[in-house]
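work.tsv follows (TSV, C-alpha atoms):
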chain	number	residue	atom	x	y	z
A	149	MET	CA	-0.41	-33.28	0.61
A	150	THR	CA	2.92	-35.12	0.24
A	151	THR	CA	6.07	-33.30	-0.84
A	152	ALA	CA	8.65	-34.86	-3.13
A	153	PRO	CA	12.07	-35.27	-1.42
A	154	VAL	CA	14.51	-32.51	-2.34
A	155	ASP	CA	18.25	-33.07	-2.76
A	156	LEU	CA	19.95	-30.19	-1.00
A	157	THR	CA	23.53	-31.44	-1.40
A	158	THR	CA	25.94	-29.11	-3.14
A	159	GLU	CA	26.66	-30.10	-6.73
A	160	PRO	CA	29.62	-29.07	-8.90
A	161	ASP	CA	29.08	-26.36	-11.52
A	162	PRO	CA	27.76	-27.80	-14.77
A	163	PRO	CA	30.04	-27.69	-17.85
A	164	ASP	CA	29.80	-24.52	-19.90
A	165	ASP	CA	27.79	-25.94	-22.76
A	166	GLY	CA	25.57	-22.92	-23.29
A	167	SER	CA	22.91	-24.27	-20.94
A	168	THR	CA	21.37	-21.99	-18.40
A	169	HIS	CA	23.99	-21.17	-15.82
A	170	GLY	CA	23.22	-22.18	-12.26
A	171	VAL	CA	20.18	-24.30	-13.03
A	172	THR	CA	20.90	-27.77	-11.66
A	173	ASP	CA	18.67	-30.45	-10.20
A	174	SER	CA	18.52	-28.23	-7.14
A	175	GLY	CA	18.37	-25.24	-9.49
A	176	ASN	CA	15.48	-23.68	-7.64
A	177	THR	CA	17.67	-23.25	-4.56
A	178	ALA	CA	20.48	-21.69	-6.62
A	179	ALA	CA	18.04	-19.32	-8.30
A	180	GLU	CA	16.62	-18.37	-4.92
A	181	GLN	CA	20.10	-17.45	-3.73
A	182	ILE	CA	20.80	-15.32	-6.81
A	183	LEU	CA	17.34	-13.77	-7.00
A	184	PRO	CA	15.68	-13.99	-3.58
A	185	ALA	CA	12.03	-13.23	-3.06
A	186	ALA	CA	11.19	-9.66	-2.08
A	187	ARG	CA	9.32	-8.92	1.12
A	188	ALA	CA	5.55	-8.92	0.83
A	189	ALA	CA	4.15	-5.79	-0.81
A	190	VAL	CA	2.95	-3.06	1.51
A	191	GLY	CA	0.93	0.06	0.88
A	192	ILE	CA	1.44	3.73	1.66
A	193	PRO	CA	1.21	4.39	5.41
A	194	THR	CA	-1.37	6.74	6.92
A	195	ALA	CA	1.47	9.02	8.00
A	196	ALA	CA	2.39	9.66	4.38
A	197	TRP	CA	-1.17	10.56	3.37
A	198	LEU	CA	-1.36	12.98	6.29
A	199	GLY	CA	2.03	14.33	5.21
A	200	VAL	CA	0.55	15.17	1.83
A	201	LEU	CA	-2.42	16.90	3.51
A	202	LEU	CA	-0.02	18.83	5.70
A	203	SER	CA	1.98	19.92	2.63
A	204	VAL	CA	-1.19	21.25	0.99
A	205	ALA	CA	-2.13	23.04	4.22
A	206	LEU	CA	1.30	24.65	4.40
A	207	ILE	CA	0.96	25.88	0.81
A	208	ALA	CA	-2.52	27.24	1.49
A	209	LEU	CA	-1.36	29.00	4.65
A	210	GLY	CA	1.69	30.43	2.87
A	211	LEU	CA	-0.45	31.79	0.04
A	212	THR	CA	-2.87	33.28	2.57
A	213	LEU	CA	-0.10	35.09	4.41
A	214	LEU	CA	1.35	36.40	1.15
A	215	ARG	CA	-2.11	37.59	0.11
A	216	GLU	CA	-2.39	39.49	3.38
A	217	VAL	CA	0.83	41.32	2.51
A	218	LEU	CA	-0.14	42.15	-1.07
A	219	VAL	CA	-3.84	42.97	-0.80
A	220	GLY	CA	-4.59	46.68	-1.09
A	221	ARG	CA	-1.11	47.34	-2.42
A	222	THR	CA	0.24	47.66	-5.96
A	223	VAL	CA	2.63	45.08	-7.32
A	224	ALA	CA	5.56	46.53	-9.33
A	225	ASP	CA	3.77	49.89	-9.28
A	226	THR	CA	1.39	48.73	-11.94
A	227	VAL	CA	-0.88	45.90	-10.88
A	228	PRO	CA	-3.20	46.61	-7.95
A	229	VAL	CA	-4.09	43.59	-5.83
A	230	PRO	CA	-7.85	43.70	-5.18
A	231	GLY	CA	-9.68	42.54	-2.09
A	232	GLU	CA	-9.78	43.15	1.64
A	233	PRO	CA	-7.44	41.77	4.34
A	234	TRP	CA	-8.72	38.70	6.20
A	235	LEU	CA	-6.37	38.26	9.13
A	236	GLY	CA	-6.29	41.84	10.36
A	237	PRO	CA	-10.04	42.16	11.09
A	238	VAL	CA	-10.10	38.70	12.74
A	239	LEU	CA	-7.21	39.54	15.03
A	240	SER	CA	-8.63	42.97	15.80
A	241	ASP	CA	-11.85	41.37	17.03
A	242	ALA	CA	-9.98	39.12	19.45
A	243	THR	CA	-10.68	40.24	23.02
A	244	SER	CA	-9.96	37.52	25.54
A	245	VAL	CA	-10.36	33.83	26.27
A	246	VAL	CA	-12.03	32.68	29.45
A	247	THR	CA	-12.43	29.42	31.30
A	248	GLY	CA	-15.65	27.63	30.56
A	249	THR	CA	-17.38	25.22	28.28
A	250	THR	CA	-15.90	26.52	25.05
A	251	ALA	CA	-12.33	26.13	26.30
A	252	VAL	CA	-13.07	22.62	27.58
A	253	VAL	CA	-14.66	21.53	24.29
A	254	VAL	CA	-11.88	23.01	22.16
A	255	GLY	CA	-9.21	21.57	24.44
A	256	SER	CA	-10.78	18.11	24.43
A	257	ALA	CA	-11.14	18.11	20.66
A	258	ALA	CA	-7.51	19.12	20.32
A	259	ALA	CA	-6.43	16.36	22.69
A	260	VAL	CA	-8.37	13.77	20.68
A	261	LEU	CA	-6.84	15.09	17.46
A	262	GLY	CA	-3.39	14.86	19.05
A	263	VAL	CA	-3.96	11.22	19.98
A	264	MET	CA	-5.19	10.42	16.46
A	265	LEU	CA	-2.07	12.00	14.97
A	266	LEU	CA	0.13	9.97	17.32
A	267	VAL	CA	-1.65	6.76	16.33
A	268	ALA	CA	-1.33	7.65	12.65
A	269	ALA	CA	2.39	8.32	13.09
A	270	LEU	CA	2.97	4.88	14.59
A	271	THR	CA	0.63	2.80	12.40
A	272	ARG	CA	2.43	0.21	10.29
A	273	ARG	CA	2.23	0.16	6.52
A	274	PRO	CA	-0.80	-1.85	5.39
A	275	ARG	CA	-0.20	-5.32	3.99
A	276	LEU	CA	-1.60	-5.54	0.48
A	277	THR	CA	-1.30	-9.20	-0.33
A	278	MET	CA	-1.36	-12.74	0.96
A	279	GLY	CA	1.07	-15.43	-0.06
A	280	LEU	CA	0.71	-18.71	-1.89
A	281	LEU	CA	3.43	-20.67	-0.13
A	282	PRO	CA	5.83	-22.75	-2.18
A	283	HIS	CA	5.55	-26.51	-2.52
A	284	ARG	CA	9.27	-27.14	-2.83
A	285	VAL	CA	12.38	-25.62	-1.32
A	286	GLY	CA	13.48	-22.73	-3.49
A	287	ASP	CA	10.11	-22.14	-5.12
A	288	LEU	CA	8.91	-18.58	-5.16
A	289	VAL	CA	6.17	-17.31	-2.87
A	290	VAL	CA	3.50	-15.87	-5.14
A	291	GLU	CA	1.58	-12.88	-3.80
A	292	VAL	CA	-2.15	-12.54	-4.31
A	293	ASP	CA	-4.49	-9.80	-3.17
A	294	ALA	CA	-7.87	-10.25	-1.49
A	295	ARG	CA	-9.82	-9.58	-4.68
A	296	SER	CA	-7.95	-12.33	-6.50
A	297	VAL	CA	-8.46	-14.74	-3.60
A	298	ALA	CA	-12.18	-14.05	-3.80
A	299	ALA	CA	-12.14	-14.73	-7.55
A	300	LEU	CA	-10.34	-18.05	-7.04
A	301	ALA	CA	-12.74	-19.05	-4.28
A	302	ALA	CA	-15.84	-18.15	-6.24
A	303	ASP	CA	-14.64	-20.13	-9.24
A	304	ALA	CA	-13.81	-23.12	-7.04
A	305	ALA	CA	-17.32	-23.03	-5.54
A	306	LEU	CA	-18.77	-23.11	-9.03
A	307	ARG	CA	-17.19	-26.53	-9.56
A	308	HIS	CA	-19.76	-28.05	-7.20
A	309	PRO	CA	-22.46	-29.68	-9.33
A	310	ASP	CA	-25.29	-28.16	-7.30
A	311	VAL	CA	-23.99	-24.59	-7.37
A	312	VAL	CA	-25.49	-22.41	-10.10
A	313	THR	CA	-23.89	-19.03	-9.34
A	314	SER	CA	-21.22	-17.99	-6.90
A	315	ARG	CA	-19.80	-14.73	-5.69
A	316	ALA	CA	-17.18	-14.08	-3.04
A	317	SER	CA	-15.52	-11.30	-1.12
A	318	ALA	CA	-12.38	-11.55	0.93
A	319	THR	CA	-10.24	-9.67	3.38
A	320	ARG	CA	-6.95	-10.75	4.92
A	321	ARG	CA	-8.95	-12.56	7.62
A	322	ARG	CA	-12.28	-13.67	6.15
A	323	LEU	CA	-13.70	-15.18	3.03
A	324	VAL	CA	-17.43	-14.92	2.44
A	325	MET	CA	-19.05	-16.80	-0.42
A	326	ASP	CA	-22.59	-16.42	-1.66
A	327	VAL	CA	-23.74	-19.39	-3.72
A	328	SER	CA	-27.08	-20.06	-5.25
A	329	THR	CA	-28.59	-23.39	-6.16
A	330	ASP	CA	-31.53	-24.50	-8.25
A	331	PRO	CA	-34.58	-24.73	-5.93
A	332	ARG	CA	-35.70	-27.80	-7.88
A	333	ASP	CA	-32.57	-29.67	-6.78
A	334	GLN	CA	-32.88	-31.41	-3.43
A	335	HIS	CA	-29.79	-31.25	-1.25
A	336	ASP	CA	-28.89	-30.72	2.36
A	337	GLU	CA	-27.57	-27.22	3.00
A	338	ALA	CA	-25.06	-28.23	5.65
A	339	THR	CA	-23.58	-30.86	3.38
A	340	LEU	CA	-23.46	-28.42	0.49
A	341	VAL	CA	-21.65	-25.83	2.61
A	342	ALA	CA	-19.09	-28.39	3.79
A	343	GLU	CA	-18.47	-29.59	0.23
A	344	VAL	CA	-18.08	-26.06	-1.13
A	345	ILE	CA	-15.62	-25.18	1.63
A	346	ALA	CA	-13.67	-28.34	0.87
A	347	LEU	CA	-13.46	-27.35	-2.81
A	348	VAL	CA	-12.28	-23.86	-1.94
A	349	ASP	CA	-9.78	-25.16	0.62
A	350	GLY	CA	-8.39	-27.44	-2.05
A	351	VAL	CA	-7.62	-24.46	-4.28
A	352	LEU	CA	-6.39	-22.18	-1.50
A	353	VAL	CA	-4.51	-24.85	0.45
A	354	ASP	CA	-1.22	-22.93	0.17
A	355	LEU	CA	-2.65	-19.55	1.14
A	356	GLN	CA	-1.03	-17.79	4.06
A	357	PRO	CA	-2.67	-16.55	6.24
A	358	GLN	CA	-5.49	-19.06	6.11
A	359	LEU	CA	-8.88	-17.38	5.98
A	360	ARG	CA	-12.02	-18.05	7.97
A	361	SER	CA	-14.53	-19.18	5.35
A	362	GLN	CA	-18.26	-18.61	5.39
A	363	VAL	CA	-20.72	-19.86	2.79
A	364	ARG	CA	-24.21	-18.43	2.40
A	365	VAL	CA	-26.56	-20.52	0.31
A	366	HIS	CA	-29.51	-19.08	-1.56
A	367	GLY	CA	-32.38	-20.85	-3.25
A	368	THR	CA	-31.80	-24.24	-1.58
A	369	ARG	CA	-34.35	-26.69	-0.21
A	370	ASP	CA	-33.40	-28.78	2.84
A	371	GLY	CA	-33.26	-32.45	1.98
B	14	MET	CA	7.92	7.71	-1.97
B	15	SER	CA	11.19	6.98	-0.20
B	16	ARG	CA	11.67	5.52	3.27
B	17	GLY	CA	13.34	8.76	4.32
B	18	ARG	CA	10.26	10.75	3.35
B	19	ILE	CA	8.01	8.38	5.30
B	20	ALA	CA	10.31	8.63	8.33
B	21	VAL	CA	10.12	12.44	8.19
B	22	ASP	CA	6.32	12.25	7.97
B	23	ARG	CA	6.17	10.00	11.02
B	24	MET	CA	8.49	12.27	13.00
B	25	VAL	CA	6.54	15.42	12.08
B	26	LEU	CA	3.23	13.76	12.98
B	27	LEU	CA	4.66	12.53	16.28
B	28	LEU	CA	5.84	16.01	17.25
B	29	LEU	CA	2.66	17.68	16.01
B	30	GLY	CA	0.46	15.12	17.71
B	31	LEU	CA	2.32	15.47	20.99
B	32	LEU	CA	2.16	19.25	20.81
B	33	ILE	CA	-1.57	19.30	20.05
B	34	LEU	CA	-2.28	16.67	22.70
B	35	LEU	CA	-0.42	18.61	25.38
B	36	ALA	CA	-1.98	21.93	24.33
B	37	GLY	CA	-5.43	20.39	24.25
B	38	ALA	CA	-5.01	18.72	27.62
B	39	ALA	CA	-3.70	21.94	29.15
B	40	THR	CA	-6.60	23.94	27.65
B	41	THR	CA	-9.11	21.41	28.99
B	42	VAL	CA	-7.64	21.52	32.49
B	43	TRP	CA	-7.53	25.33	32.39
B	44	GLY	CA	-11.06	25.51	30.99
B	45	LEU	CA	-12.30	23.43	33.93
B	46	GLY	CA	-10.66	25.91	36.27
B	47	ARG	CA	-8.40	23.21	37.69
B	48	TRP	CA	-5.10	24.85	36.78
B	49	PRO	CA	-3.58	26.17	40.00
B	50	ASP	CA	-2.79	29.89	40.07
B	51	ALA	CA	-3.92	30.38	36.46
B	52	PRO	CA	-6.04	33.43	35.61
B	53	ALA	CA	-9.64	32.80	34.67
B	54	GLU	CA	-9.36	35.20	31.75
B	55	ILE	CA	-6.47	35.74	29.34
B	56	ASP	CA	-6.38	39.10	27.57
B	57	LEU	CA	-5.53	38.93	23.86
B	58	GLY	CA	-4.35	42.54	23.68
B	59	PRO	CA	-0.92	41.75	22.17
B	60	VAL	CA	-2.59	39.62	19.48
B	61	ARG	CA	-5.11	42.38	18.73
B	62	ALA	CA	-2.33	44.96	18.37
B	63	ALA	CA	-0.07	42.85	16.13
B	64	PRO	CA	-1.38	44.16	12.76
B	65	GLU	CA	-0.61	47.72	13.91
B	66	HIS	CA	3.08	47.11	14.26
B	67	PRO	CA	5.49	48.06	11.45
B	68	TRP	CA	7.00	44.55	11.42
B	69	TRP	CA	3.65	42.89	10.73
B	70	PRO	CA	3.94	42.89	6.91
B	71	TRP	CA	7.47	41.47	7.17
B	72	VAL	CA	6.32	38.65	9.40
B	73	LEU	CA	3.52	37.86	6.97
B	74	GLY	CA	5.79	38.06	3.92
B	75	VAL	CA	8.70	36.03	5.28
B	76	GLY	CA	6.37	33.54	6.94
B	77	GLY	CA	4.32	33.17	3.78
B	78	VAL	CA	7.37	32.53	1.62
B	79	VAL	CA	8.84	30.03	4.09
B	80	LEU	CA	5.58	28.10	4.41
B	81	LEU	CA	5.05	28.11	0.65
B	82	VAL	CA	8.54	26.79	-0.07
B	83	LEU	CA	8.29	24.16	2.67
B	84	GLY	CA	4.89	23.02	1.46
B	85	LEU	CA	5.96	22.78	-2.18
B	86	GLN	CA	9.16	20.94	-1.31
B	87	SER	CA	7.23	18.50	0.85
B	88	LEU	CA	4.60	17.90	-1.82
B	89	VAL	CA	7.20	17.29	-4.52
B	90	SER	CA	9.13	14.85	-2.33
B	91	HIS	CA	5.95	12.90	-1.66
B	92	ALA	CA	5.20	12.62	-5.36
B	93	ARG	CA	8.71	11.71	-6.44
B	94	ARG	CA	9.14	8.14	-7.65
B	95	ARG	CA	12.48	6.44	-7.68
B	96	ARG	CA	13.08	5.12	-11.15
B	97	VAL	CA	15.60	2.36	-11.55
B	98	ARG	CA	17.38	2.23	-14.88
B	99	HIS	CA	20.85	0.79	-14.87
B	100	VAL	CA	22.15	-1.04	-11.82
B	101	ALA	CA	25.84	-1.48	-11.19
B	102	LEU	CA	26.96	-5.08	-11.04
B	103	PRO	CA	29.07	-6.26	-8.10
B	104	PRO	CA	32.82	-5.78	-8.72
B	105	THR	CA	34.68	-8.80	-10.02
B	106	GLY	CA	38.23	-7.54	-9.59
B	107	ILE	CA	38.47	-6.61	-13.27
B	108	LYS	CA	38.93	-2.90	-13.99
B	109	GLY	CA	35.96	-1.05	-15.36
B	110	ARG	CA	32.30	-0.82	-14.41
B	111	ALA	CA	29.52	-3.06	-15.64
B	112	ARG	CA	25.85	-2.16	-15.46
B	113	VAL	CA	22.70	-4.05	-16.25
B	114	ASP	CA	19.52	-2.55	-17.70
B	115	LEU	CA	17.07	-3.98	-15.17
B	116	PRO	CA	13.86	-2.62	-16.75
B	117	ALA	CA	14.80	-4.32	-20.02
B	118	LEU	CA	15.47	-7.60	-18.20
B	119	ALA	CA	12.18	-7.28	-16.35
B	120	GLU	CA	10.37	-6.70	-19.63
B	121	ALA	CA	12.00	-9.77	-21.13
B	122	ALA	CA	11.04	-11.86	-18.10
B	123	GLY	CA	7.49	-10.57	-18.39
B	124	GLU	CA	7.32	-11.52	-22.04
B	125	ALA	CA	8.64	-15.00	-21.22
B	126	LEU	CA	6.02	-15.46	-18.51
B	127	SER	CA	3.24	-14.20	-20.76
B	128	ARG	CA	3.97	-17.03	-23.18
B	129	ALA	CA	2.80	-19.55	-20.56
B	130	PRO	CA	-0.70	-20.78	-21.47
B	131	GLN	CA	-1.90	-20.09	-17.90
B	132	VAL	CA	-1.07	-16.39	-18.16
B	133	ASP	CA	-3.17	-13.79	-19.97
B	134	THR	CA	-1.16	-10.62	-19.39
B	135	VAL	CA	1.98	-9.57	-17.55
B	136	ARG	CA	2.90	-6.14	-16.20
B	137	ASP	CA	6.53	-5.62	-15.27
B	138	ARG	CA	8.24	-2.90	-13.27
B	139	VAL	CA	11.45	-2.29	-11.36
B	140	THR	CA	11.16	-0.41	-8.11
B	141	VAL	CA	12.98	0.23	-4.85
B	142	ASP	CA	11.01	-1.24	-1.98
B	143	ARG	CA	12.25	-0.52	1.53
B	144	GLY	CA	15.79	-0.01	0.31
B	145	VAL	CA	15.87	-3.08	-1.96
B	146	THR	CA	15.69	-3.11	-5.77
B	147	VAL	CA	12.80	-5.34	-6.77
B	148	VAL	CA	11.78	-6.73	-10.15
B	149	GLU	CA	8.03	-7.09	-9.91
B	150	LEU	CA	5.92	-9.09	-12.34
B	151	THR	CA	2.12	-9.02	-12.11
B	152	ALA	CA	0.57	-11.94	-13.96
B	153	GLY	CA	-3.04	-11.63	-15.05
B	154	THR	CA	-4.86	-14.92	-15.17
B	155	ASP	CA	-8.30	-16.48	-15.11
B	156	ALA	CA	-9.82	-17.80	-11.90
B	157	SER	CA	-10.12	-21.29	-13.38
B	158	VAL	CA	-6.35	-21.53	-13.82
B	159	ASP	CA	-4.44	-24.58	-12.64
B	160	LEU	CA	-2.42	-22.96	-9.88
B	161	HIS	CA	0.13	-25.77	-9.83
B	162	GLU	CA	0.94	-25.35	-13.54
B	163	LEU	CA	1.00	-21.58	-13.13
B	164	ARG	CA	3.52	-21.84	-10.30
B	165	VAL	CA	5.70	-24.07	-12.48
B	166	ALA	CA	5.71	-21.36	-15.16
B	167	ILE	CA	6.47	-18.67	-12.58
B	168	ASN	CA	9.37	-20.62	-11.13
B	169	ARG	CA	10.75	-21.26	-14.59
B	170	THR	CA	10.64	-17.52	-15.34
B	171	ARG	CA	12.38	-16.78	-12.07
B	172	ASP	CA	15.09	-19.32	-12.90
B	173	GLU	CA	15.64	-17.75	-16.33
B	174	LEU	CA	15.88	-14.30	-14.80
B	175	ALA	CA	18.31	-15.56	-12.16
B	176	ALA	CA	20.47	-17.05	-14.91
B	177	ALA	CA	20.95	-13.57	-16.40
B	178	LEU	CA	21.95	-11.88	-13.14
B	179	PRO	CA	24.77	-12.23	-10.64
B	180	PRO	CA	23.82	-12.54	-6.97
B	181	GLY	CA	23.00	-9.44	-4.95
B	182	VAL	CA	21.60	-7.25	-7.71
B	183	CYS	CA	17.92	-7.34	-6.91
B	184	HIS	CA	15.01	-9.31	-5.49
B	185	VAL	CA	11.95	-10.58	-7.31
B	186	ARG	CA	8.24	-10.44	-6.61
B	187	VAL	CA	5.47	-12.11	-8.59
B	188	ARG	CA	1.87	-11.09	-7.99
B	189	LEU	CA	-1.27	-12.67	-9.35
B	190	ASP	CA	-4.12	-10.60	-10.70
B	191	VAL	CA	-7.00	-13.07	-10.98
B	192	ARG	CA	-10.08	-12.25	-12.98
B	193	ARG	CA	-13.29	-14.18	-13.27
B	194	HIS	CA	-14.69	-14.87	-16.67
B	195	ARG	CA	-17.58	-17.02	-15.54
B	196	VAL	CA	-20.04	-16.19	-12.77
B	197	GLU	CA	-22.70	-18.72	-13.55
B	198	ARG	CA	-22.67	-22.34	-14.52
B	199	PRO	CA	-24.31	-22.85	-17.92
B	200	ARG	CA	-27.59	-24.65	-17.39
B	201	VAL	CA	-28.98	-27.30	-19.69
B	202	SER	CA	-32.78	-27.29	-19.47

Is it possible to give me this structure as structure tokens?
Amino acid sequence: MTTAPVDLTTEPDPPDDGSTHGVTDSGNTAAEQILPAARAAVGIPTAAWLGVLLSVALIALGLTLLREVLVGRTVADTVPVPGEPWLGPVLSDATSVVTGTTAVVVGSAAAVLGVMLLVAALTRRPRLTMGLLPHRVGDLVVEVDARSVAALAADAALRHPDVVTSRASATRRRLVMDVSTDPRDQHDEATLVAEVIALVDGVLVDLQPQLRSQVRVHGTRDG
Amino acid sequence: MSRGRIAVDRMVLLLLGLLILLAGAATTVWGLGRWPDAPAEIDLGPVRAAPEHPWWPWVLGVGGVVLLVLGLQSLVSHARRRRVRHVALPPTGIKGRARVDLPALAEAAGEALSRAPQVDTVRDRVTVDRGVTVVELTAGTDASVDLHELRVAINRTRDELAAALPPGVCHVRVRLDVRRHRVERPRVS
């Protein structure tokens, strides 16, 4: 795909005639300097979700400890708190811990949990979108998620004259398309796959990162 | 959720993970009987006797209150969203303070973009993303859209928004939300 030449030389400010300020022949570059593109959208990290779980656990533990204090007593000399203590009987039944299988299993499970927490703490925030790169200097990168990429790909596949239905699913690495053809139509599957991929590549030519495409054909008869 | 909150979560998880890993590894080594000079049996007498002590209810009460407050504070800080209303404009040397209503500008930009024939709907919002104020427009469109024409409309909207702002106020992000309205080619029998 050829790109039109872009004049990047600095131009004097246009006269104040009520026109849009800053928009010149290289207006895209000026607009990019005033309003630069934000970094690609990212999701909530695993550490934050675990932080929420930890918050709930702290609240539950706090309420449990307060219940242990209040149960069996009377609040403000009027309201008795019903129920039996939980922690006291459990602690009273504790005798000793000994070396053996139980200690090894519990210790190993704890070590694995510790490693998982460390990994979760260091995991980067998930990338949510891919980018449609600009054609010209100063154009905006447009973000698109995997579901939208799949929709674009499936619609592009449908432009092939032999394709009757198309569906697609995408991740940030792969694009899988399922197309169906009319069994009465005679065509070569390999050629059909190549042509469908070419159609999809034509639509997603600016996508970054580029995806590995796979086409599965249903209802075709080898020519 | 702010970057500070996420940093605290990472630090807490790091410390907790390290603690649990070390405790688990030590327990495993001890359980295998490989810990030099360690007893094969540890008596839990002090733990068993704890509820009998007069300070036990105080420990439960103070501990319960502290954990409850910590947990609630943590939960609220996770749920808090930073709302951006008015943003101060960079100083120009003239006395006084000027502010811009960014959500209103974002809404106007969204309405302008929605007038493009390639766009069905637009959602606009202003947020703080990794320390930067961002005007985010999400354009809903059909999968059969001409992407080139759509990008022209998006760039034009960005240019109009840039014309209303001085440099350094915010960044912009445009996202596409593509829907399919046709799954099957109409067949002529």

If we count only C-alpha atoms and set the cut-off at 8 Å, which residues sit around region 354-365 of chain A, ignoring sequence neighbours fewer than 3 positions away in its own chain? Please answer as JSON, numbers by chain. {"A": [278, 279, 280, 281, 282, 320, 321, 322, 323, 324, 325, 326, 327, 328, 329, 337, 341, 344, 345, 351, 368]}

Figure out the distance between CA of Ser317 (chain A) and CA of Leu340 (chain A), please, to one decimal in Å.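 Between CA of Leu340 (chain A) and CA of Ser317 (chain A) the gap is 18.9 Å.
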
In Å, rounded to a single decimal, give me how far CA of Leu115 (chain B) is from CA of Ala176 (chain B).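 Distance between the two atoms: 13.5 Å.
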
12 Å contact set for Leu35 (chain B), all atoms listed in the file, chain neighbours under 5 positions out, as number ranges by chain: A: 255-263, 266; B: 28-30, 40-42

Nearest to Val148 (chain B), chosen from B:His184, B:Arg47, B:Arg96, B:Arg193, with only C-alpha atoms counted in the distances: B:His184

For region 314-330 of chain A, take all atoms listed in the file, fit an axis-aligned box around them, add 3 Å to each of the six sides, then output centre and edge lengths in Å rounded to one decimal, as AutoDock Vina command-line options.
--center_x -19.2 --center_y -17.1 --center_z -0.3 --size_x 30.6 --size_y 20.8 --size_z 21.9

Could you list, as a PyMOL selection string, every residue of chain B that has an atom within 6 Å of an atom of chain A, counting all atoms listed in the file? chain B and resi 19+22-23+26-27+30+33-34+37-38+40-41+44+53-57+61+64+70+73-74+77+80-81+84+87-88+156+172+175-176+180+184-191+193+196-198

Would you work out the distance separating CA of Glu120 (chain B) from CA of Thr151 (chain B), expressed in Å to one decimal?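 Atom-to-atom, CA of Glu120 (chain B) to CA of Thr151 (chain B), that is 11.4 Å.
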
Identify which of the residues B:Val79, B:Ala39, B:Ala166, B:Ala51 lies closest to Ala125 (chain B), counting all atoms listed in the file when measuring atom-to-atom distances.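 Ranking B:Val79, B:Ala39, B:Ala166, B:Ala51 by distance to Ala125 (chain B), first place goes to B:Ala166.
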